[in-house]
Amino acid sequence: MNDRRDAPIGVFDSGMGGLSVVRDIQAHLPDESICYFADTAHVPYGCRTDDDIRQLTAQAVAWLYESGCKAVVVACNTASAFSLTALREHYGAGFPIIGLVPAVKPAVAATHTHRVGVLATQGTLRGTLLNDVIREVATPAGVQVLTAVSPKLVPFVEQGRQNSPECDAELLQILSPLAAAGVDQLVLGCTHYPFLRPAIRRVFGDQFALIDSGAAVAKQTGRVLAQHGLARVHRPCRPNAKPLDICVSGDVSSARHVVATLLECPFILRAMT
Ligand code: DGL
């Protein structure tokens, strides 16, 4: 008999960035299986219009729903910024949608300089989720939020060039003003950016604490699944050692090389059908 609790969690991003969130979900919820969808035919979303982002996100979530997932994690700050309310209204409580917002809250709690940086896409900086959290959390605490944006960073990760001299040079250029302003907490407000941690450390050493939302989202996913009676039952005799299922809307063979630079776990890669 089919048990919905055994269905995979759908995880979606414009591209491979959401794999940084997958790592946290796998660590926190080892009994769950995951179906990851990367909309590589349309990445990057960050420079697209609000309507484009909404439409592409709706298509991606619909595909995961029709593929039999029990819930979806929108592992993309840009997609979350424009789509969460509409998606939740559309699918209702029976199909939970978990989204992301840049981790400004823990950064505000941790800053000693009262200056927090947010590195995010243009879309996320324009969206309401980030601006709401700045207004509700940072401003009342007297913390100044400085933002940085670059259209080049997501493509570097999508090409497997996150450890290249060109990527280091771009980070130096866009983050130097934040370092000069005394920012001590840098929020990685795009799920591609945790893959830039080694590069940021290489260029800026320990100048910033680097904060992302992955672990918090993984915990929230566990809570939401439990609340909806959708958490997978732990079976000690059947450990979930299946390779990660990754579907892409773009070219499969170029994606294989990129995923291998980002993930250590086994995976299978297939085209979205
Ligand atoms: N990974 C995405 C995010 O968290 C989107 C990047 C993009 O497609 O521009 O915002």
# chains A, B, ... in the order shown; residues from 1 in each chain; ligands from 1
call {"tool": "residues_around", "arguments": {"residues": "Pro194 (chain A)", "least_positions_apart": "5", "cutoff": "7 Å", "atoms": "only C-alpha atoms", "output": "list in words"}}
result
Ser20, Leu188 and Asp212 of chain A
call {"tool": "residues_near_ligand", "arguments": {"ligand": "ligand 1", "cutoff": "10 Å", "atoms": "only C-alpha atoms and all ligand atoms", "output": "MDAnalysis selection string"}}
result
chainID A and resid 12:21 38:40 42:48 53 74:81 100:102 119:125 150:155 157:158 188:194 213
call {"tool": "residues_around", "arguments": {"residues": "Gln220 (chain A)", "least_positions_apart": "3", "cutoff": "10 Å", "atoms": "only C-alpha atoms", "output": "number ranges by chain"}}
result
A: 25, 73, 98-99, 214-217, 223-226
call {"tool": "atom_distance", "arguments": {"atom1": "CA of Val203 (chain A)", "atom2": "CA of Ser164 (chain A)"}}
result
11.7 Å
call {"tool": "closest_residue", "arguments": {"among": "A:Val104, A:Ala209, A:Ala218, A:Leu262", "to": "Gln26 (chain A)", "atoms": "only C-alpha atoms"}}
result
A:Ala218
call {"tool": "closest_residue", "arguments": {"among": "A:Val116, A:Ile97, A:Ala199, A:Ala62", "to": "Ala181 (chain A)", "atoms": "only C-alpha atoms"}}
result
A:Val116
call {"tool": "residues_around", "arguments": {"residues": "Lys105 (chain A)", "least_positions_apart": "6", "cutoff": "10 Å", "atoms": "only C-alpha atoms", "output": "MDAnalysis selection string"}}
result
chainID A and resid 133:134 136:138 187
call {"tool": "closest_residue", "arguments": {"among": "A:Leu130, A:Val183, A:Leu87, A:Leu175", "to": "Thr113 (chain A)", "atoms": "only C-alpha atoms"}}
result
A:Val183
call {"tool": "select_by_dssp", "arguments": {"residues": "region 5-138 of chain A", "states": "alpha helix (DSSP H)", "output": "PyMOL selection string"}}
result
chain A and resi 19-28+50-66+77-91+104-110+122-126+128-133
call {"tool": "write_last_selection", "arguments": {"atoms": "C-alpha atoms", "output": "compact mmCIF listing (two decimals), in the first residue's frame"}}
result
# COMPACT_ATOMS: atom_id res chain seq x y z
CA LEU A 19 22.14 21.46 -3.51
CA SER A 20 23.65 23.45 -0.61
CA VAL A 21 20.25 23.13 1.10
CA VAL A 22 20.02 19.45 0.14
CA ARG A 23 23.25 18.80 2.09
CA ASP A 24 21.61 20.25 5.22
CA ILE A 25 18.35 18.34 4.69
CA GLN A 26 20.26 15.08 4.23
CA ALA A 27 22.22 15.72 7.43
CA HIS A 28 19.14 16.66 9.48
CA ASP A 50 8.99 39.38 -11.10
CA ASP A 51 6.44 37.73 -13.41
CA ASP A 52 9.02 35.50 -15.06
CA ILE A 53 10.28 34.32 -11.66
CA ARG A 54 6.70 33.61 -10.51
CA GLN A 55 5.83 31.67 -13.65
CA LEU A 56 9.00 29.55 -13.74
CA THR A 57 8.67 28.77 -10.03
CA ALA A 58 5.01 27.74 -10.45
CA GLN A 59 6.00 25.39 -13.31
CA ALA A 60 8.82 23.82 -11.31
CA VAL A 61 6.67 23.22 -8.22
CA ALA A 62 3.87 21.80 -10.39
CA TRP A 63 6.35 19.34 -11.88
CA LEU A 64 7.50 18.16 -8.43
CA TYR A 65 3.86 17.86 -7.30
CA GLU A 66 2.95 15.80 -10.36
CA ASN A 77 15.76 32.91 -2.18
CA THR A 78 14.83 34.59 -5.44
CA ALA A 79 11.94 32.21 -6.22
CA SER A 80 10.75 32.34 -2.59
CA ALA A 81 10.71 36.14 -2.63
CA PHE A 82 7.99 36.23 -5.29
CA SER A 83 6.06 33.01 -4.99
CA LEU A 84 5.48 31.54 -1.53
CA THR A 85 2.08 33.08 -0.75
CA ALA A 86 0.58 32.20 -4.14
CA LEU A 87 1.96 28.64 -4.05
CA ARG A 88 0.59 28.00 -0.55
CA GLU A 89 -2.82 29.32 -1.57
CA HIS A 90 -2.82 27.18 -4.69
CA TYR A 91 -1.80 23.84 -3.08
CA VAL A 104 19.37 38.32 8.55
CA LYS A 105 17.99 37.40 12.00
CA PRO A 106 20.99 35.36 13.25
CA ALA A 107 23.36 37.89 11.68
CA VAL A 108 21.69 40.75 13.58
CA ALA A 109 21.93 38.73 16.80
CA ALA A 110 25.65 38.04 16.26
CA GLN A 122 18.90 41.46 -7.68
CA GLY A 123 15.54 39.70 -7.45
CA THR A 124 15.96 38.87 -3.77
CA LEU A 125 17.07 42.44 -2.95
CA ARG A 126 13.93 43.73 -4.71
CA THR A 128 9.47 41.85 -0.04
CA LEU A 129 10.77 38.97 2.15
CA LEU A 130 14.25 40.45 2.65
CA ASN A 131 12.97 44.00 3.05
CA ASP A 132 10.40 42.85 5.63
CA VAL A 133 13.04 41.11 7.74
call {"tool": "closest_residue", "arguments": {"among": "A:Arg5, A:His114, A:Lys70, A:Arg270", "to": "Pro96 (chain A)", "atoms": "only C-alpha atoms"}}
result
A:Lys70
call {"tool": "atom_distance", "arguments": {"atom1": "CA of Cys35 (chain A)", "atom2": "CA of Val72 (chain A)"}}
result
9.4 Å
call {"tool": "select_by_dssp", "arguments": {"residues": "region 35-71 of chain A", "states": "strand (DSSP E or B)", "output": "PyMOL selection string"}}
result
chain A and resi 35-38+71
call {"tool": "residues_around", "arguments": {"residues": "Thr261 (chain A)", "least_positions_apart": "4", "cutoff": "9 Å", "atoms": "only C-alpha atoms", "output": "number ranges by chain"}}
result
A: 160-161, 256-257
call {"tool": "write_last_selection", "arguments": {"atoms": "C-alpha atoms", "output": "PDB file, in the first residue's frame"}}
result
ATOM      1  CA  GLY A 160      31.756  24.697 -11.757  1.00  0.00           C
ATOM      2  CA  ARG A 161      34.100  27.748 -11.621  1.00  0.00           C
ATOM      3  CA  ARG A 256      27.002  16.064 -14.474  1.00  0.00           C
ATOM      4  CA  HIS A 257      30.409  17.735 -14.351  1.00  0.00           C
TER       5      HIS A 257
END
call {"tool": "atom_distance", "arguments": {"atom1": "CA of Met272 (chain A)", "atom2": "CA of Gln159 (chain A)"}}
result
19.7 Å
call {"tool": "closest_residue", "arguments": {"among": "A:Val259, A:Val149, A:Phe95, A:Phe37", "to": "Gln173 (chain A)", "atoms": "only C-alpha atoms"}}
result
A:Val149
call {"tool": "decode", "arguments": {"residues": "region 240-256 of chain A", "atoms": "all heavy atoms", "output": "PDB file, in the first residue's frame"}}
result
ATOM      1  N   ASN A 240      18.398   4.665   4.260  1.00  0.00           N
ATOM      2  CA  ASN A 240      18.139   5.340   3.004  1.00  0.00           C
ATOM      3  C   ASN A 240      19.457   5.714   2.328  1.00  0.00           C
ATOM      4  O   ASN A 240      19.945   6.817   2.443  1.00  0.00           O
ATOM      5  CB  ASN A 240      17.294   6.590   3.269  1.00  0.00           C
ATOM      6  CG  ASN A 240      17.039   7.348   1.998  1.00  0.00           C
ATOM      7  OD1 ASN A 240      16.990   6.744   0.933  1.00  0.00           O
ATOM      8  ND2 ASN A 240      16.903   8.649   2.110  1.00  0.00           N
ATOM      9  N   ALA A 241      20.029   4.731   1.617  1.00  0.00           N
ATOM     10  CA  ALA A 241      21.337   4.979   1.008  1.00  0.00           C
ATOM     11  C   ALA A 241      21.215   5.163  -0.497  1.00  0.00           C
ATOM     12  O   ALA A 241      22.171   4.986  -1.239  1.00  0.00           O
ATOM     13  CB  ALA A 241      22.264   3.827   1.345  1.00  0.00           C
ATOM     14  N   LYS A 242      19.998   5.480  -0.942  1.00  0.00           N
ATOM     15  CA  LYS A 242      19.802   5.652  -2.383  1.00  0.00           C
ATOM     16  C   LYS A 242      20.566   6.879  -2.875  1.00  0.00           C
ATOM     17  O   LYS A 242      20.666   7.875  -2.163  1.00  0.00           O
ATOM     18  CB  LYS A 242      18.311   5.887  -2.656  1.00  0.00           C
ATOM     19  CG  LYS A 242      17.497   4.618  -2.665  1.00  0.00           C
ATOM     20  CD  LYS A 242      16.180   4.796  -3.400  1.00  0.00           C
ATOM     21  CE  LYS A 242      15.461   6.082  -3.043  1.00  0.00           C
ATOM     22  NZ  LYS A 242      14.119   6.214  -3.495  1.00  0.00           N
ATOM     23  N   PRO A 243      21.079   6.850  -4.128  1.00  0.00           N
ATOM     24  CA  PRO A 243      21.717   8.066  -4.644  1.00  0.00           C
ATOM     25  C   PRO A 243      20.688   9.197  -4.762  1.00  0.00           C
ATOM     26  O   PRO A 243      19.494   8.932  -4.959  1.00  0.00           O
ATOM     27  CB  PRO A 243      22.228   7.646  -6.021  1.00  0.00           C
ATOM     28  CG  PRO A 243      21.754   6.268  -6.272  1.00  0.00           C
ATOM     29  CD  PRO A 243      21.073   5.738  -5.052  1.00  0.00           C
ATOM     30  N   LEU A 244      21.167  10.418  -4.649  1.00  0.00           N
ATOM     31  CA  LEU A 244      20.285  11.580  -4.777  1.00  0.00           C
ATOM     32  C   LEU A 244      19.750  11.659  -6.215  1.00  0.00           C
ATOM     33  O   LEU A 244      20.517  11.569  -7.172  1.00  0.00           O
ATOM     34  CB  LEU A 244      21.080  12.849  -4.432  1.00  0.00           C
ATOM     35  CG  LEU A 244      20.328  14.160  -4.586  1.00  0.00           C
ATOM     36  CD1 LEU A 244      19.171  14.262  -3.591  1.00  0.00           C
ATOM     37  CD2 LEU A 244      21.290  15.337  -4.401  1.00  0.00           C
ATOM     38  N   ASP A 245      18.444  11.851  -6.317  1.00  0.00           N
ATOM     39  CA  ASP A 245      17.778  11.929  -7.617  1.00  0.00           C
ATOM     40  C   ASP A 245      17.750  13.393  -8.075  1.00  0.00           C
ATOM     41  O   ASP A 245      17.099  14.224  -7.436  1.00  0.00           O
ATOM     42  CB  ASP A 245      16.344  11.387  -7.420  1.00  0.00           C
ATOM     43  CG  ASP A 245      15.539  11.396  -8.699  1.00  0.00           C
ATOM     44  OD1 ASP A 245      16.137  11.430  -9.790  1.00  0.00           O
ATOM     45  OD2 ASP A 245      14.288  11.370  -8.594  1.00  0.00           O
ATOM     46  N   ILE A 246      18.474  13.712  -9.143  1.00  0.00           N
ATOM     47  CA  ILE A 246      18.555  15.100  -9.619  1.00  0.00           C
ATOM     48  C   ILE A 246      17.983  15.186 -11.030  1.00  0.00           C
ATOM     49  O   ILE A 246      18.411  14.455 -11.929  1.00  0.00           O
ATOM     50  CB  ILE A 246      20.020  15.600  -9.644  1.00  0.00           C
ATOM     51  CG1 ILE A 246      20.641  15.487  -8.253  1.00  0.00           C
ATOM     52  CG2 ILE A 246      20.101  17.029 -10.168  1.00  0.00           C
ATOM     53  CD1 ILE A 246      22.106  15.938  -8.190  1.00  0.00           C
ATOM     54  N   CYS A 247      17.007  16.078 -11.216  1.00  0.00           N
ATOM     55  CA  CYS A 247      16.418  16.280 -12.545  1.00  0.00           C
ATOM     56  C   CYS A 247      16.753  17.686 -13.021  1.00  0.00           C
ATOM     57  O   CYS A 247      16.694  18.627 -12.227  1.00  0.00           O
ATOM     58  CB  CYS A 247      14.904  16.169 -12.491  1.00  0.00           C
ATOM     59  SG  CYS A 247      14.399  14.635 -11.787  1.00  0.00           S
ATOM     60  N   VAL A 248      17.083  17.812 -14.292  1.00  0.00           N
ATOM     61  CA  VAL A 248      17.408  19.131 -14.830  1.00  0.00           C
ATOM     62  C   VAL A 248      16.546  19.434 -16.051  1.00  0.00           C
ATOM     63  O   VAL A 248      16.166  18.524 -16.781  1.00  0.00           O
ATOM     64  CB  VAL A 248      18.914  19.241 -15.205  1.00  0.00           C
ATOM     65  CG1 VAL A 248      19.801  19.129 -13.989  1.00  0.00           C
ATOM     66  CG2 VAL A 248      19.313  18.196 -16.245  1.00  0.00           C
ATOM     67  N   SER A 249      16.255  20.718 -16.246  1.00  0.00           N
ATOM     68  CA  SER A 249      15.474  21.096 -17.429  1.00  0.00           C
ATOM     69  C   SER A 249      16.400  21.393 -18.611  1.00  0.00           C
ATOM     70  O   SER A 249      15.952  21.483 -19.739  1.00  0.00           O
ATOM     71  CB  SER A 249      14.614  22.325 -17.124  1.00  0.00           C
ATOM     72  OG  SER A 249      15.424  23.385 -16.661  1.00  0.00           O
ATOM     73  N   GLY A 250      17.698  21.554 -18.356  1.00  0.00           N
ATOM     74  CA  GLY A 250      18.654  21.843 -19.432  1.00  0.00           C
ATOM     75  C   GLY A 250      19.486  20.615 -19.784  1.00  0.00           C
ATOM     76  O   GLY A 250      19.044  19.472 -19.597  1.00  0.00           O
ATOM     77  N   ASP A 251      20.702  20.870 -20.229  1.00  0.00           N
ATOM     78  CA  ASP A 251      21.574  19.801 -20.728  1.00  0.00           C
ATOM     79  C   ASP A 251      22.090  18.908 -19.587  1.00  0.00           C
ATOM     80  O   ASP A 251      22.629  19.397 -18.593  1.00  0.00           O
ATOM     81  CB  ASP A 251      22.748  20.471 -21.461  1.00  0.00           C
ATOM     82  CG  ASP A 251      23.695  19.433 -22.037  1.00  0.00           C
ATOM     83  OD1 ASP A 251      23.213  18.550 -22.760  1.00  0.00           O
ATOM     84  OD2 ASP A 251      24.895  19.497 -21.723  1.00  0.00           O
ATOM     85  N   VAL A 252      21.917  17.584 -19.749  1.00  0.00           N
ATOM     86  CA  VAL A 252      22.277  16.650 -18.670  1.00  0.00           C
ATOM     87  C   VAL A 252      23.789  16.464 -18.572  1.00  0.00           C
ATOM     88  O   VAL A 252      24.347  16.454 -17.477  1.00  0.00           O
ATOM     89  CB  VAL A 252      21.590  15.280 -18.881  1.00  0.00           C
ATOM     90  CG1 VAL A 252      22.062  14.269 -17.843  1.00  0.00           C
ATOM     91  CG2 VAL A 252      20.082  15.422 -18.806  1.00  0.00           C
ATOM     92  N   SER A 253      24.475  16.371 -19.716  1.00  0.00           N
ATOM     93  CA  SER A 253      25.897  16.010 -19.611  1.00  0.00           C
ATOM     94  C   SER A 253      26.731  17.133 -19.002  1.00  0.00           C
ATOM     95  O   SER A 253      27.624  16.882 -18.196  1.00  0.00           O
ATOM     96  CB  SER A 253      26.463  15.562 -20.955  1.00  0.00           C
ATOM     97  OG  SER A 253      26.166  16.516 -21.916  1.00  0.00           O
ATOM     98  N   SER A 254      26.423  18.396 -19.328  1.00  0.00           N
ATOM     99  CA  SER A 254      27.214  19.468 -18.706  1.00  0.00           C
ATOM    100  C   SER A 254      26.874  19.576 -17.215  1.00  0.00           C
ATOM    101  O   SER A 254      27.737  19.905 -16.395  1.00  0.00           O
ATOM    102  CB  SER A 254      27.001  20.806 -19.418  1.00  0.00           C
ATOM    103  OG  SER A 254      25.639  21.093 -19.514  1.00  0.00           O
ATOM    104  N   ALA A 255      25.632  19.242 -16.856  1.00  0.00           N
ATOM    105  CA  ALA A 255      25.235  19.302 -15.438  1.00  0.00           C
ATOM    106  C   ALA A 255      26.017  18.276 -14.609  1.00  0.00           C
ATOM    107  O   ALA A 255      26.363  18.535 -13.460  1.00  0.00           O
ATOM    108  CB  ALA A 255      23.735  19.058 -15.301  1.00  0.00           C
ATOM    109  N   ARG A 256      26.317  17.135 -15.212  1.00  0.00           N
ATOM    110  CA  ARG A 256      27.002  16.064 -14.474  1.00  0.00           C
ATOM    111  C   ARG A 256      28.352  16.548 -13.920  1.00  0.00           C
ATOM    112  O   ARG A 256      28.690  16.340 -12.770  1.00  0.00           O
ATOM    113  CB  ARG A 256      27.210  14.856 -15.406  1.00  0.00           C
ATOM    114  CG  ARG A 256      27.658  13.596 -14.689  1.00  0.00           C
ATOM    115  CD  ARG A 256      27.763  12.435 -15.664  1.00  0.00           C
ATOM    116  NE  ARG A 256      26.601  12.281 -16.525  1.00  0.00           N
ATOM    117  CZ  ARG A 256      25.433  11.736 -16.163  1.00  0.00           C
ATOM    118  NH1 ARG A 256      25.293  11.278 -14.936  1.00  0.00           N
ATOM    119  NH2 ARG A 256      24.425  11.647 -17.017  1.00  0.00           N
TER     120      ARG A 256
END
